[in-house]
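Printed here is input-v3.cif (mmCIF, C-alpha atoms and all ligand atoms):
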```cif
data_my_file
#
loop_
_atom_site.label_atom_id
_atom_site.label_comp_id
_atom_site.auth_asym_id
_atom_site.auth_seq_id
_atom_site.Cartn_x
_atom_site.Cartn_y
_atom_site.Cartn_z
CA MET A 123 3.01 -1.99 -19.54
CA THR A 124 2.14 1.56 -18.45
CA ILE A 125 4.79 4.24 -18.12
CA PHE A 126 4.47 3.87 -14.33
CA ASP A 127 5.48 0.21 -14.61
CA LYS A 128 8.35 1.19 -16.84
CA ILE A 129 9.88 3.54 -14.27
CA ARG A 130 10.13 0.63 -11.85
CA ARG A 131 12.48 -1.14 -14.24
CA THR A 132 15.92 -0.26 -15.55
CA LEU A 133 16.48 0.78 -19.15
CA GLN A 134 18.33 -2.48 -19.68
CA GLU A 135 15.35 -4.45 -18.40
CA LEU A 136 13.13 -2.44 -20.74
CA GLY A 137 15.42 -3.23 -23.68
CA VAL A 138 16.09 0.48 -24.34
CA SER A 139 19.59 0.91 -25.72
CA ASP A 140 19.64 4.09 -27.82
CA ALA A 141 19.00 7.81 -27.44
CA GLN A 142 15.78 7.66 -29.42
CA GLY A 143 14.32 5.04 -27.07
CA VAL A 144 15.29 7.13 -24.04
CA GLU A 145 13.76 10.28 -25.49
CA SER A 146 10.46 8.60 -26.28
CA LEU A 147 10.26 7.15 -22.72
CA PHE A 148 10.73 10.61 -21.23
CA ALA A 149 8.23 12.10 -23.66
CA GLU A 150 5.70 9.53 -22.48
CA LEU A 151 6.37 10.51 -18.88
CA ARG A 152 5.98 14.25 -19.54
CA LYS A 153 2.71 13.54 -21.29
CA ALA A 154 1.49 11.54 -18.27
CA ALA A 155 2.35 14.40 -15.90
CA GLU A 156 0.52 16.91 -18.06
CA HIS A 157 -2.44 14.57 -18.36
CA GLU A 158 -2.74 14.02 -14.60
CA ARG A 159 -2.57 17.76 -13.96
CA ALA A 160 -5.26 18.44 -16.56
CA GLU A 161 -7.48 15.72 -15.12
CA LEU A 162 -7.23 17.17 -11.62
CA VAL A 163 -8.09 20.67 -12.82
CA ALA A 164 -11.02 19.38 -14.89
CA GLY A 165 -12.35 17.29 -12.00
CA GLY A 166 -12.22 20.09 -9.45
CA ALA A 167 -13.37 19.50 -5.88
CA PRO A 168 -15.99 21.32 -3.88
CA GLN A 169 -14.30 21.30 -0.48
CA GLN A 170 -11.15 23.18 0.43
CA ALA A 171 -9.76 20.21 2.38
CA GLU A 172 -10.37 17.88 -0.51
CA ARG A 173 -8.68 20.26 -2.95
CA ASP A 174 -5.62 20.51 -0.73
CA GLY A 175 -5.45 16.74 -0.40
CA LEU A 176 -5.73 16.14 -4.14
CA CYS A 177 -3.04 18.65 -4.99
CA LYS A 178 -0.67 17.37 -2.35
CA ALA A 179 -1.27 13.79 -3.46
CA LEU A 180 -0.47 14.68 -7.06
CA ARG A 181 2.66 16.55 -6.04
CA ASP A 182 3.82 13.64 -3.85
CA ARG A 183 3.07 11.12 -6.54
CA TRP A 184 5.53 12.85 -8.82
CA LEU A 185 7.95 14.68 -6.60
CA ALA A 186 8.15 12.91 -3.22
CA ARG A 187 11.76 12.32 -2.33
CA LYS A 188 11.05 8.73 -1.40
CA GLY A 189 9.09 6.78 -3.99
CA GLY A 190 7.96 9.74 -6.14
CA PHE A 191 8.03 9.14 -9.88
CA LEU A 192 11.01 11.43 -10.40
CA SER A 193 13.08 9.70 -7.76
CA GLN A 194 12.13 6.33 -9.27
CA VAL A 195 13.40 7.58 -12.63
CA ASP A 196 16.58 8.71 -10.92
CA GLU A 197 17.04 5.33 -9.19
CA ASN A 198 16.00 3.03 -12.01
CA TRP A 199 16.84 4.83 -15.23
CA LEU A 200 19.57 7.36 -14.51
CA LYS A 201 21.78 5.74 -11.89
CA PRO A 202 22.14 2.32 -13.53
CA ALA A 203 22.32 3.71 -17.11
CA SER A 204 25.21 2.51 -19.27
CA LYS A 205 28.15 4.84 -19.90
CA GLU A 206 26.93 5.49 -23.44
CA LEU A 207 23.36 6.31 -22.43
CA LYS A 208 24.06 8.27 -19.25
CA PRO A 209 24.51 11.70 -20.92
CA VAL A 210 21.22 11.48 -22.81
CA VAL A 211 19.35 10.11 -19.78
CA GLY A 212 20.82 12.88 -17.59
CA LYS A 213 19.78 15.54 -20.09
CA GLN A 214 16.26 14.14 -20.38
CA PHE A 215 15.97 13.81 -16.61
CA ASN A 216 16.80 17.48 -16.12
CA LYS A 217 14.29 18.38 -18.80
CA LEU A 218 11.66 16.31 -16.97
CA ARG A 219 12.50 18.07 -13.70
CA ARG A 220 12.08 21.49 -15.27
CA PHE A 221 8.85 20.36 -16.91
CA THR A 222 7.25 19.00 -13.73
CA ALA A 223 8.36 22.14 -11.86
CA SER A 224 6.62 24.25 -14.52
CA LEU A 225 3.37 22.37 -13.93
CA GLU A 226 3.32 23.87 -10.40
CA PHE A 227 1.37 21.06 -8.75
CA GLU A 228 1.43 22.87 -5.39
CA LYS A 229 -0.27 25.94 -6.86
CA LEU A 230 -3.12 23.94 -8.34
CA VAL A 231 -5.21 24.59 -5.22
CA GLU A 232 -5.73 28.09 -6.60
CA ALA A 233 -6.42 26.86 -10.13
CA LEU A 234 -9.17 24.42 -9.18
CA PRO A 235 -12.73 25.66 -9.67
CA PHE A 236 -14.27 27.02 -6.48
CA GLN A 237 -17.60 25.26 -6.57
CA GLN A 238 -19.03 26.25 -3.22
CA GLU A 239 -18.79 29.98 -3.88
CA THR A 240 -21.33 29.82 -6.68
CA ALA A 241 -24.88 30.14 -5.37
CA PRO A 242 -27.55 27.88 -6.89
CA GLN A 243 -29.21 29.83 -9.70
CA MET A 244 -32.80 28.75 -9.09
CA GLU A 245 -33.16 30.43 -5.70
CA LEU A 246 -32.15 33.91 -6.83
CA PRO A 247 -34.10 36.50 -8.87
CA LEU A 248 -33.12 36.83 -12.49
CA GLY A 249 -30.53 39.44 -13.33
CA SER A 250 -29.08 39.54 -9.82
CA GLY A 251 -25.75 38.24 -11.04
CA ALA A 252 -26.43 34.85 -9.54
CA GLY A 253 -23.82 32.26 -10.27
CA ARG A 254 -20.97 34.74 -10.44
CA PRO A 255 -18.29 34.58 -7.76
CA VAL A 256 -18.59 37.17 -4.98
CA PRO A 257 -16.37 40.17 -5.86
CA ARG A 258 -13.17 40.07 -3.83
CA ASP A 259 -10.33 42.47 -3.20
CA LEU A 260 -7.70 40.80 -5.33
CA THR A 261 -4.92 42.83 -3.74
CA LEU A 262 -5.39 41.05 -0.39
CA PRO A 263 -2.95 38.23 0.34
CA GLY A 264 -4.49 34.78 -0.24
CA LEU A 265 -5.30 32.33 2.54
CA ARG A 266 -2.67 29.63 2.67
CA ARG A 267 -3.64 26.43 4.38
CA PRO A 268 -1.08 23.77 5.14
CA LEU A 269 -1.45 20.73 2.89
CA GLY A 270 -1.93 17.38 4.58
CA SER A 271 -0.16 14.24 3.43
CA ILE A 272 -0.92 10.54 3.27
CA HIS A 273 0.05 8.66 6.42
CA PRO A 274 2.99 6.30 5.82
CA VAL A 275 0.98 3.25 6.94
CA THR A 276 -1.88 4.14 4.59
CA ARG A 277 0.63 4.72 1.82
CA MET A 278 2.19 1.30 2.42
CA GLN A 279 -1.24 -0.34 2.56
CA ARG A 280 -2.25 1.19 -0.77
CA GLU A 281 0.99 0.15 -2.40
CA ILE A 282 0.43 -3.47 -1.31
CA GLU A 283 -3.24 -3.34 -2.35
CA ASP A 284 -2.31 -2.06 -5.81
CA ILE A 285 -0.07 -5.04 -6.49
CA PHE A 286 -2.81 -7.54 -5.63
CA LEU A 287 -5.51 -5.58 -7.43
CA ARG A 288 -3.40 -5.91 -10.58
CA LEU A 289 -3.35 -9.68 -10.03
CA GLY A 290 -7.15 -9.80 -9.99
CA PHE A 291 -7.74 -9.85 -6.22
CA TRP A 292 -10.35 -7.61 -4.67
CA ILE A 293 -10.44 -5.87 -1.31
CA GLU A 294 -12.70 -7.19 1.43
CA SER A 295 -13.22 -5.87 4.96
CA GLY A 296 -14.94 -6.95 8.16
CA PRO A 297 -15.74 -5.83 11.72
CA GLU A 298 -13.01 -4.96 14.22
CA ILE A 299 -15.25 -6.08 17.08
CA GLU A 300 -15.59 -9.77 16.35
CA SER A 301 -17.12 -12.90 17.85
CA THR A 302 -14.85 -15.56 19.31
CA TYR A 303 -16.38 -17.90 16.73
CA TYR A 304 -15.01 -15.98 13.73
CA ASN A 305 -11.82 -14.86 15.45
CA PHE A 306 -10.89 -18.33 16.78
CA ASP A 307 -13.17 -21.36 16.44
CA ALA A 308 -13.89 -21.11 12.72
CA LEU A 309 -10.16 -20.69 12.08
CA ASN A 310 -9.36 -23.96 13.78
CA ILE A 311 -7.95 -22.26 16.89
CA PRO A 312 -9.20 -24.37 19.81
CA GLU A 313 -9.71 -23.03 23.34
CA SER A 314 -6.37 -24.53 24.33
CA HIS A 315 -4.34 -22.47 21.80
CA PRO A 316 -2.01 -19.95 23.53
CA SER A 317 -3.30 -16.97 21.50
CA ARG A 318 -6.67 -17.46 23.17
CA ASP A 319 -5.02 -16.59 26.46
CA ASP A 320 -6.13 -13.28 28.02
CA TRP A 321 -2.66 -11.88 27.66
CA ASP A 322 -2.90 -11.58 23.89
CA THR A 323 -6.58 -10.94 23.33
CA LEU A 324 -8.66 -7.95 24.35
CA TYR A 325 -12.07 -9.32 25.36
CA ILE A 326 -15.25 -7.26 25.27
CA ASP A 327 -17.12 -10.15 26.92
CA SER A 328 -16.65 -13.92 26.94
CA LYS A 329 -17.99 -14.25 23.35
CA THR A 330 -16.71 -10.98 21.85
CA VAL A 331 -13.19 -9.71 21.20
CA LEU A 332 -11.32 -6.96 19.41
CA ARG A 333 -10.12 -9.03 16.48
CA THR A 334 -6.52 -10.20 16.93
CA HIS A 335 -5.95 -10.63 13.18
CA THR A 336 -7.77 -9.97 9.89
CA SER A 337 -8.30 -13.72 9.38
CA PRO A 338 -11.95 -13.81 10.56
CA VAL A 339 -12.80 -11.98 7.33
CA GLN A 340 -11.61 -15.10 5.46
CA ILE A 341 -14.50 -17.07 6.93
CA ARG A 342 -16.99 -14.23 6.46
CA ALA A 343 -15.97 -13.90 2.79
CA MET A 344 -16.18 -17.66 2.18
CA GLU A 345 -19.69 -17.68 3.63
CA LYS A 346 -20.68 -14.65 1.57
CA TYR A 347 -19.16 -15.48 -1.83
CA GLY A 348 -18.23 -19.16 -1.82
CA ALA A 349 -15.49 -20.33 -4.20
CA PRO A 350 -13.56 -19.37 -6.28
CA LEU A 351 -12.33 -16.48 -4.15
CA TYR A 352 -9.38 -14.09 -4.56
CA ILE A 353 -9.31 -11.39 -1.88
CA ILE A 354 -7.02 -9.27 0.23
CA ILE A 355 -8.15 -8.02 3.60
CA PRO A 356 -6.51 -4.90 5.02
CA GLY A 357 -7.46 -3.61 8.46
CA LYS A 358 -6.75 -2.77 12.08
CA CYS A 359 -6.12 -5.52 14.64
CA TYR A 360 -5.71 -5.41 18.40
CA ARG A 361 -3.66 -7.30 20.93
CA HIS A 362 -2.90 -6.93 24.59
CA ASP A 363 0.70 -5.86 23.97
CA ASN A 364 2.64 -3.23 25.87
CA PRO A 365 3.66 -0.43 23.52
CA ASP A 366 7.37 -0.43 22.70
CA SER A 367 9.44 0.26 19.61
CA THR A 368 8.15 -2.85 17.80
CA HIS A 369 4.75 -3.46 19.46
CA SER A 370 1.53 -1.52 19.49
CA PRO A 371 -1.81 -2.66 20.94
CA MET A 372 -3.35 -1.54 17.64
CA PHE A 373 -1.64 -2.48 14.41
CA HIS A 374 -2.44 -3.05 10.73
CA GLN A 375 -2.54 -6.33 8.85
CA ILE A 376 -3.15 -7.39 5.30
CA GLU A 377 -4.37 -10.87 4.73
CA GLY A 378 -4.50 -12.56 1.34
CA LEU A 379 -6.69 -15.52 0.38
CA ALA A 380 -6.96 -17.44 -2.87
CA ILE A 381 -9.40 -20.36 -3.23
CA ASP A 382 -10.03 -22.19 -6.47
CA GLU A 383 -9.82 -25.64 -8.02
CA ASP A 384 -6.28 -27.04 -8.24
CA ILE A 385 -4.59 -24.34 -6.16
CA THR A 386 -1.21 -25.61 -4.95
CA PHE A 387 1.70 -24.41 -2.86
CA ALA A 388 3.43 -23.50 -6.13
CA ASP A 389 0.76 -20.85 -6.75
CA LEU A 390 1.41 -19.43 -3.30
CA LYS A 391 5.18 -19.33 -3.86
CA GLY A 392 4.86 -17.79 -7.30
CA THR A 393 2.43 -15.10 -6.17
CA LEU A 394 4.41 -14.07 -3.10
CA ASP A 395 7.67 -14.04 -5.05
CA PHE A 396 6.07 -11.74 -7.64
CA PHE A 397 4.68 -9.56 -4.84
CA ALA A 398 8.09 -9.21 -3.16
CA LYS A 399 9.73 -8.27 -6.46
CA MET A 400 7.09 -5.66 -7.23
CA LEU A 401 7.45 -4.12 -3.79
CA PHE A 402 11.20 -4.33 -3.18
CA GLY A 403 12.66 -4.56 -6.69
CA GLU A 404 13.28 -7.22 -9.32
CA LYS A 405 16.50 -8.37 -7.74
CA VAL A 406 15.16 -9.68 -4.42
CA ARG A 407 14.85 -13.41 -3.78
CA THR A 408 12.29 -15.05 -1.52
CA ARG A 409 12.87 -17.82 1.00
CA PHE A 410 10.19 -20.13 2.42
CA GLN A 411 10.70 -21.93 5.74
CA PRO A 412 8.30 -24.33 7.43
CA SER A 413 6.22 -22.96 10.28
CA PHE A 414 2.97 -23.65 12.13
CA PHE A 415 -0.41 -21.92 12.14
CA PRO A 416 -3.64 -23.65 13.18
CA PHE A 417 -5.52 -22.39 10.10
CA THR A 418 -3.03 -23.49 7.42
CA GLU A 419 -1.40 -26.82 6.62
CA PRO A 420 1.39 -26.85 5.56
CA SER A 421 2.43 -23.44 6.91
CA GLY A 422 5.45 -21.32 6.13
CA GLU A 423 7.34 -18.12 6.92
CA VAL A 424 8.45 -16.01 3.97
CA ALA A 425 11.59 -13.89 4.01
CA VAL A 426 12.99 -11.68 1.27
CA SER A 427 16.68 -11.07 0.57
CA CYS A 428 17.59 -7.62 1.93
CA PHE A 429 16.78 -5.01 -0.71
CA VAL A 430 19.37 -2.64 0.76
CA CYS A 431 22.47 -4.85 0.91
CA ASP A 432 21.35 -7.63 -1.46
CA GLY A 433 21.90 -10.28 1.22
CA GLN A 434 25.35 -9.15 2.35
CA GLY A 435 24.18 -8.07 5.81
CA CYS A 436 23.45 -4.51 6.94
CA ARG A 437 21.60 -2.53 9.60
CA VAL A 438 18.18 -2.88 7.90
CA CYS A 439 18.33 -6.71 7.83
CA LYS A 440 20.13 -6.86 11.22
CA GLU A 441 23.19 -8.33 9.48
CA SER A 442 21.27 -11.48 8.46
CA GLY A 443 20.83 -10.64 4.77
CA TRP A 444 17.12 -11.55 5.06
CA ILE A 445 13.99 -9.67 6.08
CA GLU A 446 11.06 -11.65 7.49
CA LEU A 447 7.93 -10.71 5.55
CA MET A 448 4.94 -12.80 6.56
CA GLY A 449 3.36 -16.10 7.49
CA CYS A 450 1.52 -18.14 4.91
CA GLY A 451 0.27 -21.61 4.03
CA MET A 452 -2.35 -23.78 2.40
CA VAL A 453 -5.79 -23.19 3.93
CA HIS A 454 -6.60 -26.01 6.37
CA PRO A 455 -9.41 -28.24 5.00
CA GLN A 456 -11.37 -27.75 8.23
CA VAL A 457 -11.24 -23.96 7.75
CA LEU A 458 -12.62 -24.35 4.22
CA ARG A 459 -15.37 -26.58 5.59
CA ASN A 460 -16.16 -24.00 8.31
CA GLY A 461 -16.56 -21.41 5.55
CA GLY A 462 -18.98 -23.68 3.69
CA ILE A 463 -16.50 -24.67 0.95
CA ASP A 464 -15.94 -28.29 -0.07
CA PRO A 465 -12.23 -29.16 0.51
CA GLU A 466 -12.60 -32.17 -1.82
CA LYS A 467 -13.27 -29.80 -4.71
CA TYR A 468 -11.39 -26.64 -3.75
CA SER A 469 -8.06 -25.77 -2.19
CA GLY A 470 -6.52 -22.45 -1.29
CA TRP A 471 -3.63 -20.50 0.17
CA ALA A 472 -3.50 -17.58 2.57
CA PHE A 473 -0.93 -15.17 3.96
CA GLY A 474 -0.90 -12.46 6.62
CA LEU A 475 1.52 -9.57 6.95
CA GLY A 476 2.02 -6.55 9.21
CA VAL A 477 1.61 -3.30 7.30
CA ASP A 478 3.27 -1.20 10.02
CA ARG A 479 6.33 -3.43 9.93
CA PHE A 480 6.49 -3.21 6.14
CA ALA A 481 6.36 0.59 6.38
CA MET A 482 9.11 0.54 9.03
CA VAL A 483 11.36 -1.56 6.80
CA LYS A 484 10.60 0.37 3.63
CA TYR A 485 10.98 3.86 5.13
CA ASP A 486 13.72 2.89 7.59
CA ILE A 487 11.77 3.81 10.73
CA ASN A 488 12.96 2.26 14.00
CA ASP A 489 9.98 2.95 16.30
CA ILE A 490 6.42 1.83 15.52
CA GLN A 491 5.07 4.37 18.04
CA LEU A 492 6.00 7.22 15.69
CA PHE A 493 3.13 6.15 13.43
CA PHE A 494 0.50 6.77 16.07
CA GLN A 495 1.76 9.78 18.02
CA GLY A 496 0.53 12.34 15.50
CA ASP A 497 3.80 14.31 15.57
CA VAL A 498 3.59 16.61 12.55
CA ARG A 499 7.39 16.86 12.30
CA PHE A 500 7.49 13.11 11.66
CA LEU A 501 4.43 12.92 9.39
CA GLU A 502 5.55 15.89 7.27
CA GLN A 503 8.36 13.78 5.89
CA PHE A 504 5.95 11.65 3.86
ZN ZN A 601 20.69 -5.81 4.53
#
```

Translate the structure of the given file into structure tokens.
Amino acid sequence: MTIFDKIRRTLQELGVSDAQGVESLFAELRKAAEHERAELVAGGAPQQAERDGLCKALRDRWLARKGGFLSQVDENWLKPASKELKPVVGKQFNKLRRFTASLEFEKLVEALPFQQETAPQMELPLGSGAGRPVPRDLTLPGLRRPLGSIHPVTRMQREIEDIFLRLGFWIESGPEIESTYYNFDALNIPESHPSRDDWDTLYIDSKTVLRTHTSPVQIRAMEKYGAPLYIIIPGKCYRHDNPDSTHSPMFHQIEGLAIDEDITFADLKGTLDFFAKMLFGEKVRTRFQPSFFPFTEPSGEVAVSCFVCDGQGCRVCKESGWIELMGCGMVHPQVLRNGGIDPEKYSGWAFGLGVDRFAMVKYDINDIQLFFQGDVRFLEQF
């Protein structure tokens, strides 16, 4: 377990019960911070924009109020610490705060090597001072450029990707302009299915659509790689929806697909339960309810017990105690066949979730439109 896994768990869960254990955990964390800073400086970056982005990302990784390493330590180590351990954890936490502040992540932009200011040596006469930075008036104030930040939807997507990458899945992508064959027919969605109605689908022509889900990539990947197959498919999807606080004509999905010999519904349940615990905390429980999708059989809807109120009912879960996460199911044998995989030999499961909705739940955002309006005052908070 890396130190970054450890900060997602409580000290009790880690089996740390004395001052010495606490101190060595914090020492490990300080070492990691120092190491990441050193790596960034050593790597450098030729472009100003890239340098800004790298520094900001490092700062956010450690110091972001929501989800930064320090706030995770606060939430998972300090707050739930036992009465006996609290003083030592508090002391170490303050030490860590002072230490990360002293690393001055936000000033690293100035520390990174300026590669583009050094002229290539070959093109200049010898002895001309080639390769040295242009002399500058060091008394002039420096140019400060605002640092960008990672968009909340991208951040959510990466967080989800990371969990599945750790489980051995890889990331696959496909075209956003898709044929009706891949978007519908190959997924066992006949002409008569309601989602083929004009109202939901944006048609380019009678055989071409803006994909309505990331599922066509399932078929493309089956054709390309065959079985066994363990992939997740993040990407943009499009539907003919009027924009409101929960709908956007463009939205983001992540699809998961596992195909192998002897894959059962138990594998699906186990994987999604692990996923929910990694994303929302060890305490959450998952609930599976039967549902229907043309491309899976049986199909289900997964909900997770509310990570805010622990199922008691609150604003985030709309007083129900549960948060709907995604649809899932066992891949329909006909879909496997359409992808060129023998359903007698292989079976598989799949799920699909809305990344925007996940980000709304996780960051407590009540209007999906905020993601796409480009308002800096909103985006600055991430
Ligand atoms: Zn709740």

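Neighbouring residues of ligand ZN 601 (chain A) at a cut-off of 12 Å, counting all atoms listed in the file, are A:Val406, A:Val426, A:Ser427, A:Cys428, A:Phe429, A:Val430, A:Cys431, A:Asp432, A:Gly433, A:Gln434, A:Gly435, A:Cys436, A:Arg437, A:Val438, A:Cys439, A:Lys440, A:Glu441, A:Ser442, A:Gly443, A:Trp444, A:Ile445, A:Glu446, A:Val483, A:Lys484, A:Asp486.
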
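Close contacts of Gln279 in chain A, defined as residues with an atom at most 8 Å away when counting only C-alpha atoms, with chain neighbours fewer than 5 positions off set aside, comprise Pro356, Ile376 and Val477 of chain A.
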
With the cut-off set at 9 Å and counting all atoms listed in the file, tabulate each residue of range 193-228 of chain A with an atom at most that distance from an atom of range 152-167 of chain A, showing the nearest atom pair and its distance in Å to one decimal, ordered by chain and increasing number, as a Markdown table.
```
| residue | atom | partner | partner_atom | distance |
| --- | --- | --- | --- | --- |
| A:Leu218 | CA | A:Arg152 | CA | 6.6 |
| A:Phe221 | CA | A:Arg152 | CA | 7.2 |
| A:Thr222 | CA | A:Ala155 | CA | 7.1 |
| A:Leu225 | CA | A:Glu156 | CA | 7.4 |
| A:Phe227 | CA | A:Arg159 | CA | 7.3 |
```

- Message: For Glu135 in chain A, find every residue with an atom within 10 Å (counting only C-alpha atoms), except residues of its own chain fewer than 5 positions away, and show them as number ranges by chain.
- Response: A: 128, 130, 198-199, 404

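Among the candidates A:Pro297, A:Gly378, A:Gly392, A:Gly290, the one nearest to Phe473 in chain A when counting all atoms listed in the file is A:Gly378.
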
Which protein, DNA or RNA residues are at most 7 Å from (2.4, -3.0, 11.3) in the file's coordinates when you count all atoms listed in the file, listed as a PDB file with C-alpha atoms, in the coordinates of the input?
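What follows is the written file point00.pdb:
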```pdb
ATOM      1  CA  PHE A 373      -1.640  -2.480  14.410  1.00  0.00           C
ATOM      2  CA  HIS A 374      -2.440  -3.050  10.730  1.00  0.00           C
ATOM      3  CA  GLN A 375      -2.540  -6.330   8.850  1.00  0.00           C
ATOM      4  CA  GLY A 476       2.020  -6.550   9.210  1.00  0.00           C
ATOM      5  CA  VAL A 477       1.610  -3.300   7.300  1.00  0.00           C
ATOM      6  CA  ASP A 478       3.270  -1.200  10.020  1.00  0.00           C
ATOM      7  CA  ARG A 479       6.330  -3.430   9.930  1.00  0.00           C
ATOM      8  CA  PHE A 480       6.490  -3.210   6.140  1.00  0.00           C
TER       9      PHE A 480
END
```

Quick one: axis-aligned box around all listed atoms of range 190-199 of chain A, 4 Å on every side, centre and edge lengths in Å to one decimal, written as lines of an AutoDock Vina configuration file.
```
center_x = 12.5
center_y = 7.2
center_z = -10.7
size_x = 17.1
size_y = 16.4
size_z = 17.1
```

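Our summary of the geometry notes that CA of Ile381 in chain A is positioned 14.0 Å from CA of Leu289 in chain A.
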
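Considering the residues A:Arg266, A:Gly296, A:Phe126, A:Ile487 and counting only C-alpha atoms, Ser367 in chain A has its shortest atom-to-atom contact with A:Ile487.
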
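When only C-alpha atoms are used to compute distances to Lys346 in chain A, the closest of the residues A:Pro420, A:Pro312, A:Gly461, A:Pro412 turns out to be A:Gly461.
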
- Message: For Lys178 in chain A, find every residue with an atom within 8 Å (counting all atoms listed in the file), except residues of its own chain fewer than 3 positions away, and show them as a PyMOL selection string.
- Response: chain A and resi 174-175+181-182+227-228+269-271

- Enter the distance from CA of Ser193 in chain A to CA of Arg288 in chain A, in Å, rounded to one decimal. 22.9 Å

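Proximity ranking of A:Met123, A:Pro338, A:Gly451, A:Lys217 relative to Leu136 in chain A places A:Met123 first, based on all atoms listed in the file.
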
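Atom pair CA of Ile355 in chain A / CA of Ile293 in chain A: separated by 5.8 Å.
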
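Proximity of A:Val457, A:Leu207, A:Ile341, A:Leu447 to Gly474 in chain A, computed with only C-alpha atoms, is greatest for A:Leu447.
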
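Those residues that approach Met448 in chain A to within 6 Å, counting all atoms listed in the file, are Glu423, Val424, Gly474 and Leu475 of chain A; same-chain residues fewer than 6 positions away are not listed.
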